[in-house]
>>> print(open('entry.cif').read())   # mmCIF, C-alpha atoms and all ligand atoms
data_start
loop_
_atom_site.group_PDB
_atom_site.id
_atom_site.type_symbol
_atom_site.label_atom_id
_atom_site.label_comp_id
_atom_site.auth_asym_id
_atom_site.auth_seq_id
_atom_site.Cartn_x
_atom_site.Cartn_y
_atom_site.Cartn_z
ATOM 1 C CA MET A 205 -15.261 -4.008 13.541
ATOM 2 C CA LYS A 206 -11.777 -4.317 11.968
ATOM 3 C CA ARG A 207 -9.683 -1.173 11.888
ATOM 4 C CA ILE A 208 -7.269 -0.279 9.091
ATOM 5 C CA ALA A 209 -4.563 2.402 9.058
ATOM 6 C CA ILE A 210 -3.501 3.413 5.565
ATOM 7 C CA PHE A 211 0.021 4.787 5.001
ATOM 8 C CA VAL A 212 0.588 7.036 1.983
ATOM 9 C CA SER A 213 3.251 9.266 0.426
ATOM 10 C CA GLY A 214 1.756 10.460 -2.854
ATOM 11 C CA ASN A 215 -1.340 10.754 -4.966
ATOM 12 C CA GLY A 216 -3.561 8.476 -2.890
ATOM 13 C CA THR A 217 -5.670 6.830 -5.598
ATOM 14 C CA ASN A 218 -5.456 3.523 -3.754
ATOM 15 C CA LEU A 219 -6.410 5.204 -0.487
ATOM 16 C CA GLN A 220 -9.469 6.681 -2.175
ATOM 17 C CA ARG A 221 -10.528 3.402 -3.758
ATOM 18 C CA ILE A 222 -10.102 1.449 -0.498
ATOM 19 C CA ALA A 223 -12.027 4.069 1.500
ATOM 20 C CA GLU A 224 -14.876 4.095 -1.034
ATOM 21 C CA TYR A 225 -15.000 0.290 -1.135
ATOM 22 C CA PHE A 226 -15.458 0.115 2.654
ATOM 23 C CA SER A 227 -17.534 3.275 3.018
ATOM 24 C CA ASN A 228 -20.780 1.419 3.750
ATOM 25 C CA SER A 229 -19.165 -1.479 5.589
ATOM 26 C CA HIS A 230 -20.229 -2.434 9.100
ATOM 27 C CA ASP A 231 -17.140 -4.650 9.443
ATOM 28 C CA VAL A 232 -14.255 -2.412 8.380
ATOM 29 C CA ALA A 233 -13.348 1.139 9.420
ATOM 30 C CA ILE A 234 -10.429 3.376 8.433
ATOM 31 C CA PRO A 235 -9.757 5.557 11.475
ATOM 32 C CA LEU A 236 -6.351 6.838 10.341
ATOM 33 C CA VAL A 237 -4.221 7.864 7.378
ATOM 34 C CA VAL A 238 -0.494 8.229 8.039
ATOM 35 C CA CYS A 239 1.500 10.383 5.620
ATOM 36 C CA ASN A 240 5.199 11.265 5.457
ATOM 37 C CA ASN A 241 4.880 13.931 2.761
ATOM 38 C CA PRO A 242 3.173 17.235 3.587
ATOM 39 C CA LYS A 243 2.682 17.902 -0.142
ATOM 40 C CA ALA A 244 0.968 14.587 -0.905
ATOM 41 C CA TYR A 245 -2.401 14.912 -2.646
ATOM 42 C CA ALA A 246 -3.435 11.897 -0.561
ATOM 43 C CA ILE A 247 -3.855 14.322 2.383
ATOM 44 C CA GLU A 248 -6.495 16.284 0.490
ATOM 45 C CA ARG A 249 -8.245 13.035 -0.445
ATOM 46 C CA ALA A 250 -8.229 11.893 3.200
ATOM 47 C CA HIS A 251 -9.775 15.204 4.276
ATOM 48 C CA GLN A 252 -12.498 14.830 1.653
ATOM 49 C CA LEU A 253 -13.105 11.276 2.829
ATOM 50 C CA GLY A 254 -13.330 12.493 6.443
ATOM 51 C CA ILE A 255 -10.373 10.393 7.633
ATOM 52 C CA PRO A 256 -7.954 11.937 10.160
ATOM 53 C CA VAL A 257 -4.382 12.339 8.868
ATOM 54 C CA ARG A 258 -1.239 12.029 10.940
ATOM 55 C CA LEU A 259 1.735 13.647 9.249
ATOM 56 C CA ILE A 260 4.980 12.034 10.375
ATOM 57 C CA THR A 261 8.720 12.672 10.190
ATOM 58 C CA LYS A 262 11.500 10.072 9.956
ATOM 59 C CA LYS A 263 12.065 10.533 13.670
ATOM 60 C CA ASP A 264 8.388 9.919 14.479
ATOM 61 C CA ILE A 265 8.207 6.657 12.589
ATOM 62 C CA ASN A 266 11.336 5.319 14.270
ATOM 63 C CA ASP A 267 10.233 6.269 17.786
ATOM 64 C CA THR A 268 8.348 3.963 20.121
ATOM 65 C CA PRO A 269 5.436 6.388 20.817
ATOM 66 C CA PHE A 270 4.295 6.173 17.182
ATOM 67 C CA THR A 271 4.089 2.378 17.349
ATOM 68 C CA GLN A 272 2.396 2.633 20.754
ATOM 69 C CA ASP A 273 -0.178 5.061 19.381
ATOM 70 C CA LEU A 274 -1.071 2.598 16.628
ATOM 71 C CA THR A 275 -1.365 -0.348 19.002
ATOM 72 C CA GLY A 276 -3.387 1.912 21.330
ATOM 73 C CA MET A 277 -5.789 2.605 18.461
ATOM 74 C CA HIS A 278 -6.360 -1.167 18.080
ATOM 75 C CA ILE A 279 -5.349 -1.199 14.441
ATOM 76 C CA ASP A 280 -5.909 -4.663 12.915
ATOM 77 C CA LEU A 281 -4.135 -4.044 9.627
ATOM 78 C CA ILE A 282 -1.651 -1.471 8.330
ATOM 79 C CA VAL A 283 -1.984 -0.992 4.582
ATOM 80 C CA LEU A 284 0.911 0.630 2.740
ATOM 81 C CA ALA A 285 -0.657 2.258 -0.307
ATOM 82 C CA GLY A 286 2.207 4.027 -2.036
ATOM 83 C CA PHE A 287 4.199 4.622 1.170
ATOM 84 C CA LEU A 288 7.859 5.114 0.357
ATOM 85 C CA TRP A 289 9.735 4.662 3.649
ATOM 86 C CA LEU A 290 11.061 1.441 5.052
ATOM 87 C CA LEU A 291 9.278 0.574 8.298
ATOM 88 C CA PRO A 292 11.322 0.248 11.508
ATOM 89 C CA LYS A 293 11.718 -3.075 13.304
ATOM 90 C CA CYS A 294 9.652 -1.959 16.320
ATOM 91 C CA LEU A 295 6.613 -1.271 14.133
ATOM 92 C CA ILE A 296 6.947 -4.533 12.192
ATOM 93 C CA GLN A 297 7.325 -6.535 15.386
ATOM 94 C CA ALA A 298 4.290 -4.857 16.952
ATOM 95 C CA PHE A 299 2.119 -5.853 13.952
ATOM 96 C CA PRO A 300 3.140 -9.404 12.982
ATOM 97 C CA ASP A 301 1.460 -10.418 9.702
ATOM 98 C CA LYS A 302 -0.619 -7.266 9.999
ATOM 99 C CA ILE A 303 1.180 -5.006 7.520
ATOM 100 C CA ILE A 304 0.686 -5.331 3.777
ATOM 101 C CA ASN A 305 1.992 -3.418 0.764
ATOM 102 C CA ILE A 306 1.075 -3.133 -2.891
ATOM 103 C CA HIS A 307 3.875 -3.113 -5.454
ATOM 104 C CA PRO A 308 3.284 -2.181 -9.107
ATOM 105 C CA ALA A 309 5.169 -5.131 -10.662
ATOM 106 C CA LEU A 310 5.443 -8.890 -10.431
ATOM 107 C CA LEU A 311 7.818 -9.412 -7.508
ATOM 108 C CA PRO A 312 10.479 -10.668 -6.991
ATOM 109 C CA LYS A 313 11.367 -8.924 -10.252
ATOM 110 C CA TYR A 314 11.508 -5.112 -10.292
ATOM 111 C CA GLY A 315 11.431 -4.760 -6.515
ATOM 112 C CA GLY A 316 13.785 -3.419 -3.864
ATOM 113 C CA LYS A 317 15.326 -0.030 -3.214
ATOM 114 C CA GLY A 318 14.797 2.445 -6.066
ATOM 115 C CA PHE A 319 11.998 0.481 -7.707
ATOM 116 C CA TYR A 320 9.013 2.698 -7.051
ATOM 117 C CA GLY A 321 6.519 4.654 -9.124
ATOM 118 C CA ALA A 322 7.499 5.368 -12.730
ATOM 119 C CA HIS A 323 10.954 3.799 -12.233
ATOM 120 C CA VAL A 324 9.324 0.385 -12.091
ATOM 121 C CA HIS A 325 7.366 0.804 -15.326
ATOM 122 C CA GLU A 326 10.370 2.335 -17.138
ATOM 123 C CA ALA A 327 12.496 -0.691 -16.227
ATOM 124 C CA VAL A 328 9.797 -3.196 -17.228
ATOM 125 C CA VAL A 329 9.255 -1.530 -20.623
ATOM 126 C CA ALA A 330 13.023 -1.157 -21.254
ATOM 127 C CA ALA A 331 13.496 -4.894 -20.605
ATOM 128 C CA LYS A 332 10.690 -5.686 -23.088
ATOM 129 C CA GLU A 333 8.958 -7.910 -20.557
ATOM 130 C CA PRO A 334 5.909 -9.682 -21.985
ATOM 131 C CA PHE A 335 3.993 -9.172 -18.715
ATOM 132 C CA SER A 336 3.851 -6.933 -15.687
ATOM 133 C CA GLY A 337 1.308 -6.735 -12.889
ATOM 134 C CA ILE A 338 0.750 -6.078 -9.226
ATOM 135 C CA THR A 339 1.939 -7.830 -6.095
ATOM 136 C CA ILE A 340 0.282 -7.544 -2.698
ATOM 137 C CA HIS A 341 2.571 -8.853 0.018
ATOM 138 C CA TYR A 342 3.296 -8.850 3.735
ATOM 139 C CA VAL A 343 5.896 -6.346 4.862
ATOM 140 C CA ASN A 344 9.154 -7.209 6.565
ATOM 141 C CA GLU A 345 12.330 -5.234 7.219
ATOM 142 C CA LYS A 346 13.547 -5.260 3.597
ATOM 143 C CA TYR A 347 11.897 -3.542 0.644
ATOM 144 C CA ASP A 348 9.429 -5.699 -1.295
ATOM 145 C CA SER A 349 10.528 -9.067 0.072
ATOM 146 C CA GLY A 350 7.776 -10.286 2.440
ATOM 147 C CA ALA A 351 5.535 -13.268 1.671
ATOM 148 C CA ILE A 352 3.373 -12.776 -1.405
ATOM 149 C CA ILE A 353 -0.397 -12.764 -0.828
ATOM 150 C CA PHE A 354 -1.668 -12.071 -4.344
ATOM 151 C CA GLN A 355 -0.474 -11.255 -7.858
ATOM 152 C CA ALA A 356 -2.372 -10.233 -10.999
ATOM 153 C CA LYS A 357 -0.773 -10.065 -14.445
ATOM 154 C CA VAL A 358 -1.256 -7.873 -17.485
ATOM 155 C CA ALA A 359 0.330 -8.224 -20.948
ATOM 156 C CA LEU A 360 2.488 -5.471 -22.424
ATOM 157 C CA ASP A 361 1.656 -4.346 -25.952
ATOM 158 C CA GLU A 362 4.348 -4.023 -28.594
ATOM 159 C CA ASN A 363 4.273 -0.227 -28.380
ATOM 160 C CA GLU A 364 3.770 -0.063 -24.601
ATOM 161 C CA THR A 365 5.160 3.027 -22.870
ATOM 162 C CA PRO A 366 5.839 3.490 -19.149
ATOM 163 C CA ASP A 367 2.782 5.772 -19.053
ATOM 164 C CA SER A 368 0.419 3.360 -20.764
ATOM 165 C CA LEU A 369 1.683 0.535 -18.553
ATOM 166 C CA ALA A 370 1.115 2.711 -15.469
ATOM 167 C CA GLY A 371 -2.525 3.061 -16.536
ATOM 168 C CA LYS A 372 -2.951 -0.709 -16.848
ATOM 169 C CA ILE A 373 -1.338 -1.295 -13.464
ATOM 170 C CA HIS A 374 -3.490 1.400 -11.916
ATOM 171 C CA ARG A 375 -6.642 -0.365 -13.131
ATOM 172 C CA LEU A 376 -5.432 -3.681 -11.679
ATOM 173 C CA GLU A 377 -4.744 -2.003 -8.334
ATOM 174 C CA GLN A 378 -8.191 -0.433 -8.232
ATOM 175 C CA GLN A 379 -9.809 -3.750 -9.088
ATOM 176 C CA HIS A 380 -7.974 -6.003 -6.644
ATOM 177 C CA PHE A 381 -6.488 -4.160 -3.667
ATOM 178 C CA PRO A 382 -9.666 -3.574 -1.594
ATOM 179 C CA VAL A 383 -10.876 -7.119 -2.235
ATOM 180 C CA ILE A 384 -7.578 -8.624 -1.096
ATOM 181 C CA ILE A 385 -7.564 -6.382 1.997
ATOM 182 C CA GLU A 386 -11.016 -7.716 2.852
ATOM 183 C CA GLN A 387 -9.807 -11.306 2.424
ATOM 184 C CA VAL A 388 -6.738 -10.714 4.608
ATOM 185 C CA LEU A 389 -8.976 -9.243 7.340
ATOM 186 C CA ASN A 390 -11.391 -12.174 7.103
ATOM 187 C CA ARG A 391 -8.500 -14.612 7.572
ATOM 188 C CA GLN A 392 -7.362 -12.928 10.801
ATOM 189 C CA ASN A 393 -8.429 -14.371 14.121
ATOM 190 C CA PRO A 394 -11.452 -12.556 15.518
HETATM 191 C C1 LIG B 1 0.884 2.452 -6.635
HETATM 192 O O1 LIG B 1 1.221 2.197 -7.962
HETATM 193 C C2 LIG B 1 1.413 1.356 -5.749
HETATM 194 O O2 LIG B 1 1.519 0.135 -6.393
HETATM 195 C C3 LIG B 1 2.786 1.845 -5.382
HETATM 196 O O3 LIG B 1 2.657 3.238 -5.291
HETATM 197 C C4 LIG B 1 1.585 3.689 -6.110
HETATM 198 C C5 LIG B 1 0.686 4.521 -5.257
HETATM 199 O O4 LIG B 1 -0.272 5.212 -6.005
HETATM 200 N N1 LIG B 1 3.270 1.202 -4.195
HETATM 201 P P1 LIG B 1 -1.377 6.075 -5.262
HETATM 202 O O5 LIG B 1 -0.675 7.038 -4.331
HETATM 203 O O6 LIG B 1 -2.262 5.125 -4.520
HETATM 204 O O7 LIG B 1 -2.107 6.797 -6.345
#
>>> encode(input="entry.cif", output="structure tokens")
Amino acid sequence: MKRIAIFVSGNGTNLQRIAEYFSNSHDVAIPLVVCNNPKAYAIERAHQLGIPVRLITKKDINDTPFTQDLTGMHIDLIVLAGFLWLLPKCLIQAFPDKIINIHPALLPKYGGKGFYGAHVHEAVVAAKEPFSGITIHYVNEKYDSGAIIFQAKVALDENETPDSLAGKIHRLEQQHFPVIIEQVLNRQNP
């Protein structure tokens, strides 16, 4: 059985989709949700899904015991699903090639500090890009710059707005993220 920890900061639609996708799986379990925002709706979703939530502070995430707790739980993959903090070196080093993130644009464009949530879609629409999409990538010590695992594209319409683009991106995330997680887990050594 592979064990995933999902890190969230906000709404948690990806968390919900991933949990539902694996809900009848005998190969994948989600024993933990980690959240840095006590007001995140993702916490409510985790409760409804029956997944324990660990609420963390900046100090927690940077301290060794947090990393040790995760290694102690035998987590095979950390999935950042709308998690807005940079991860500390100790955590990244403890989970080599075992942390992935989803970004709501086609990296390397529209990534890095400040490019999150609606800011990404506003910038893409303002630049009149013909396409946007999603990028699923490994996580390193800089925002949005680890090796790319998967991208999917979507065309912008002439009258596209940041909101309408967000909807398109959301649908791509729901379609692809759980499937790519499954593939990443299947590629890991047993
Ligand atoms: C998603 O658009 C994801 O690409 C980005 O943050 C958003 C999280 O949405 N990293 P949700 O919390 O899963 O609804």
>>> residues_near_ligand(input="entry.cif", ligand="ligand LIG 1 (chain B)", cutoff="10 Å", atoms="all atoms listed in the file", output="count of residues only")
45
>>> resolve_selection(input="entry.cif", expression="the PyMOL selection byres (((chain A and resi 295) around 10) and not hetatm)", output="ChimeraX atom specification")
/A:265-268,270-272,274-275,291-294,296-300,303,344-345
>>> atom_distance(input="entry.cif", atom1="CA of Gly350 in chain A", atom2="CA of Leu236 in chain A")
23.6 Å
>>> atom_distance(input="entry.cif", atom1="CA of Val232 in chain A", atom2="CA of His380 in chain A")
16.7 Å
>>> closest_residue(input="entry.cif", among="A:Ala250, A:Leu290, A:Ala351, A:Val237", to="Lys302 in chain A", atoms="all atoms listed in the file")
A:Ala351
>>> atom_distance(input="entry.cif", atom1="CA of Leu369 in chain A", atom2="CA of Ala327 in chain A")
11.1 Å
>>> axis_aligned_box(input="entry.cif", around="range 286-295 of chain A", padding_each_side="5 Å", output="lines of an AutoDock Vina configuration file")
center_x = 7.0
center_y = 1.0
center_z = 7.1
size_x = 19.5
size_y = 18.2
size_z = 28.4
>>> closest_residue(input="entry.cif", among="A:Leu389, A:Ala359, A:Cys239, A:Ile234", to="Lys332 in chain A", atoms="all atoms listed in the file")
A:Ala359
>>> residues_near_point(input="entry.cif", point="(-13.6, 10.1, 15.3)", cutoff="12 Å", atoms="all atoms listed in the file", output="list in words")
Ala233, Ile234, Pro235, Leu236, Gly254, Ile255, Pro256, Val257 and Met277 of chain A
>>> closest_residue(input="entry.cif", among="A:Glu386, A:Phe226, A:Ile304, A:Asp280", to="Lys206 in chain A", atoms="all atoms listed in the file")
A:Asp280
>>> closest_residue(input="entry.cif", among="A:Asn390, A:Ser349, A:Asn228, A:Asn363", to="Lys313 in chain A", atoms="only C-alpha atoms")
A:Ser349
>>> decode(input="entry.cif", residues="range 282-387 of chain A", atoms="C-alpha atoms", output="PDB file, in the first residue's frame")
ATOM      1  CA  ILE A 282       3.832  14.271  -0.701  1.00  0.00           C
ATOM      2  CA  VAL A 283       1.323  15.968  -2.984  1.00  0.00           C
ATOM      3  CA  LEU A 284       1.101  19.755  -2.866  1.00  0.00           C
ATOM      4  CA  ALA A 285      -2.447  20.562  -3.940  1.00  0.00           C
ATOM      5  CA  GLY A 286      -2.712  24.325  -3.642  1.00  0.00           C
ATOM      6  CA  PHE A 287      -0.137  24.606  -0.832  1.00  0.00           C
ATOM      7  CA  LEU A 288       1.323  28.094  -0.748  1.00  0.00           C
ATOM      8  CA  TRP A 289       4.494  27.853   1.361  1.00  0.00           C
ATOM      9  CA  LEU A 290       7.949  27.044   0.134  1.00  0.00           C
ATOM     10  CA  LEU A 291       9.150  23.755   1.621  1.00  0.00           C
ATOM     11  CA  PRO A 292      12.302  23.734   3.778  1.00  0.00           C
ATOM     12  CA  LYS A 293      15.473  21.960   2.676  1.00  0.00           C
ATOM     13  CA  CYS A 294      15.208  19.292   5.400  1.00  0.00           C
ATOM     14  CA  LEU A 295      11.798  18.167   4.132  1.00  0.00           C
ATOM     15  CA  ILE A 296      12.877  18.145   0.477  1.00  0.00           C
ATOM     16  CA  GLN A 297      16.014  16.182   1.289  1.00  0.00           C
ATOM     17  CA  ALA A 298      14.052  13.640   3.331  1.00  0.00           C
ATOM     18  CA  PHE A 299      11.718  12.969   0.363  1.00  0.00           C
ATOM     19  CA  PRO A 300      13.903  12.925  -2.770  1.00  0.00           C
ATOM     20  CA  ASP A 301      11.723  12.772  -5.905  1.00  0.00           C
ATOM     21  CA  LYS A 302       8.777  12.144  -3.610  1.00  0.00           C
ATOM     22  CA  ILE A 303       7.178  15.599  -3.566  1.00  0.00           C
ATOM     23  CA  ILE A 304       5.050  16.867  -6.433  1.00  0.00           C
ATOM     24  CA  ASN A 305       3.073  20.054  -7.048  1.00  0.00           C
ATOM     25  CA  ILE A 306       0.379  21.170  -9.453  1.00  0.00           C
ATOM     26  CA  HIS A 307       0.658  24.629 -10.990  1.00  0.00           C
ATOM     27  CA  PRO A 308      -2.222  26.244 -12.903  1.00  0.00           C
ATOM     28  CA  ALA A 309      -0.191  27.391 -15.942  1.00  0.00           C
ATOM     29  CA  LEU A 310       2.319  26.102 -18.451  1.00  0.00           C
ATOM     30  CA  LEU A 311       5.630  26.408 -16.607  1.00  0.00           C
ATOM     31  CA  PRO A 312       8.245  27.816 -16.933  1.00  0.00           C
ATOM     32  CA  LYS A 313       5.982  30.725 -17.875  1.00  0.00           C
ATOM     33  CA  TYR A 314       3.793  32.273 -15.161  1.00  0.00           C
ATOM     34  CA  GLY A 315       5.581  30.544 -12.296  1.00  0.00           C
ATOM     35  CA  GLY A 316       7.632  31.656  -9.309  1.00  0.00           C
ATOM     36  CA  LYS A 317       6.902  33.833  -6.307  1.00  0.00           C
ATOM     37  CA  GLY A 318       3.581  35.690  -6.555  1.00  0.00           C
ATOM     38  CA  PHE A 319       2.179  33.511  -9.325  1.00  0.00           C
ATOM     39  CA  TYR A 320      -0.563  31.644  -7.522  1.00  0.00           C
ATOM     40  CA  GLY A 321      -4.334  31.370  -7.760  1.00  0.00           C
ATOM     41  CA  ALA A 322      -6.119  34.134  -9.670  1.00  0.00           C
ATOM     42  CA  HIS A 323      -2.854  36.068 -10.171  1.00  0.00           C
ATOM     43  CA  VAL A 324      -1.736  33.432 -12.648  1.00  0.00           C
ATOM     44  CA  HIS A 325      -4.904  33.568 -14.749  1.00  0.00           C
ATOM     45  CA  GLU A 326      -4.990  37.394 -14.667  1.00  0.00           C
ATOM     46  CA  ALA A 327      -1.437  37.531 -16.031  1.00  0.00           C
ATOM     47  CA  VAL A 328      -2.114  34.926 -18.737  1.00  0.00           C
ATOM     48  CA  VAL A 329      -5.259  36.730 -19.941  1.00  0.00           C
ATOM     49  CA  ALA A 330      -3.565  40.171 -19.808  1.00  0.00           C
ATOM     50  CA  ALA A 331      -0.722  38.850 -21.996  1.00  0.00           C
ATOM     51  CA  LYS A 332      -3.277  37.502 -24.511  1.00  0.00           C
ATOM     52  CA  GLU A 333      -1.631  34.090 -24.488  1.00  0.00           C
ATOM     53  CA  PRO A 334      -3.181  31.682 -26.992  1.00  0.00           C
ATOM     54  CA  PHE A 335      -2.861  28.787 -24.514  1.00  0.00           C
ATOM     55  CA  SER A 336      -2.632  28.064 -20.822  1.00  0.00           C
ATOM     56  CA  GLY A 337      -2.759  24.778 -18.945  1.00  0.00           C
ATOM     57  CA  ILE A 338      -1.501  22.833 -15.980  1.00  0.00           C
ATOM     58  CA  THR A 339       1.940  21.639 -14.967  1.00  0.00           C
ATOM     59  CA  ILE A 340       2.615  18.806 -12.540  1.00  0.00           C
ATOM     60  CA  HIS A 341       6.228  18.851 -11.411  1.00  0.00           C
ATOM     61  CA  TYR A 342       8.669  17.659  -8.773  1.00  0.00           C
ATOM     62  CA  VAL A 343       9.356  20.125  -5.989  1.00  0.00           C
ATOM     63  CA  ASN A 344      12.737  21.590  -5.164  1.00  0.00           C
ATOM     64  CA  GLU A 345      13.825  24.543  -3.040  1.00  0.00           C
ATOM     65  CA  LYS A 346      12.611  27.229  -5.473  1.00  0.00           C
ATOM     66  CA  TYR A 347       9.011  27.958  -6.422  1.00  0.00           C
ATOM     67  CA  ASP A 348       7.759  26.113  -9.510  1.00  0.00           C
ATOM     68  CA  SER A 349      11.147  25.086 -10.886  1.00  0.00           C
ATOM     69  CA  GLY A 350      11.500  21.312 -10.338  1.00  0.00           C
ATOM     70  CA  ALA A 351      11.504  18.785 -13.187  1.00  0.00           C
ATOM     71  CA  ILE A 352       8.257  18.710 -15.142  1.00  0.00           C
ATOM     72  CA  ILE A 353       6.304  15.435 -15.037  1.00  0.00           C
ATOM     73  CA  PHE A 354       3.232  16.354 -17.081  1.00  0.00           C
ATOM     74  CA  GLN A 355       1.565  19.283 -18.837  1.00  0.00           C
ATOM     75  CA  ALA A 356      -1.874  19.645 -20.435  1.00  0.00           C
ATOM     76  CA  LYS A 357      -2.879  22.623 -22.576  1.00  0.00           C
ATOM     77  CA  VAL A 358      -6.107  24.501 -23.153  1.00  0.00           C
ATOM     78  CA  ALA A 359      -6.823  27.284 -25.678  1.00  0.00           C
ATOM     79  CA  LEU A 360      -7.956  30.729 -24.556  1.00  0.00           C
ATOM     80  CA  ASP A 361     -11.026  32.165 -26.265  1.00  0.00           C
ATOM     81  CA  GLU A 362     -11.034  35.688 -27.649  1.00  0.00           C
ATOM     82  CA  ASN A 363     -13.206  36.938 -24.788  1.00  0.00           C
ATOM     83  CA  GLU A 364     -11.560  34.798 -22.091  1.00  0.00           C
ATOM     84  CA  THR A 365     -11.618  36.230 -18.566  1.00  0.00           C
ATOM     85  CA  PRO A 366      -9.473  35.171 -15.599  1.00  0.00           C
ATOM     86  CA  ASP A 367     -12.600  33.536 -14.145  1.00  0.00           C
ATOM     87  CA  SER A 368     -13.515  31.572 -17.249  1.00  0.00           C
ATOM     88  CA  LEU A 369      -9.893  30.476 -17.637  1.00  0.00           C
ATOM     89  CA  ALA A 370      -9.851  29.364 -13.986  1.00  0.00           C
ATOM     90  CA  GLY A 371     -12.815  27.101 -14.768  1.00  0.00           C
ATOM     91  CA  LYS A 372     -11.010  25.510 -17.718  1.00  0.00           C
ATOM     92  CA  ILE A 373      -7.869  24.965 -15.661  1.00  0.00           C
ATOM     93  CA  HIS A 374      -9.913  23.515 -12.831  1.00  0.00           C
ATOM     94  CA  ARG A 375     -11.414  20.926 -15.191  1.00  0.00           C
ATOM     95  CA  LEU A 376      -7.946  19.966 -16.462  1.00  0.00           C
ATOM     96  CA  GLU A 377      -6.716  19.545 -12.885  1.00  0.00           C
ATOM     97  CA  GLN A 378      -9.652  17.333 -11.968  1.00  0.00           C
ATOM     98  CA  GLN A 379      -9.124  15.219 -15.067  1.00  0.00           C
ATOM     99  CA  HIS A 380      -5.372  14.679 -14.838  1.00  0.00           C
ATOM    100  CA  PHE A 381      -3.962  15.131 -11.335  1.00  0.00           C
ATOM    101  CA  PRO A 382      -5.090  11.829  -9.733  1.00  0.00           C
ATOM    102  CA  VAL A 383      -4.066   9.852 -12.813  1.00  0.00           C
ATOM    103  CA  ILE A 384      -0.586  11.379 -12.836  1.00  0.00           C
ATOM    104  CA  ILE A 385      -0.231  10.749  -9.085  1.00  0.00           C
ATOM    105  CA  GLU A 386      -1.047   7.096  -9.725  1.00  0.00           C
ATOM    106  CA  GLN A 387       1.567   6.929 -12.495  1.00  0.00           C
TER     107      GLN A 387
END
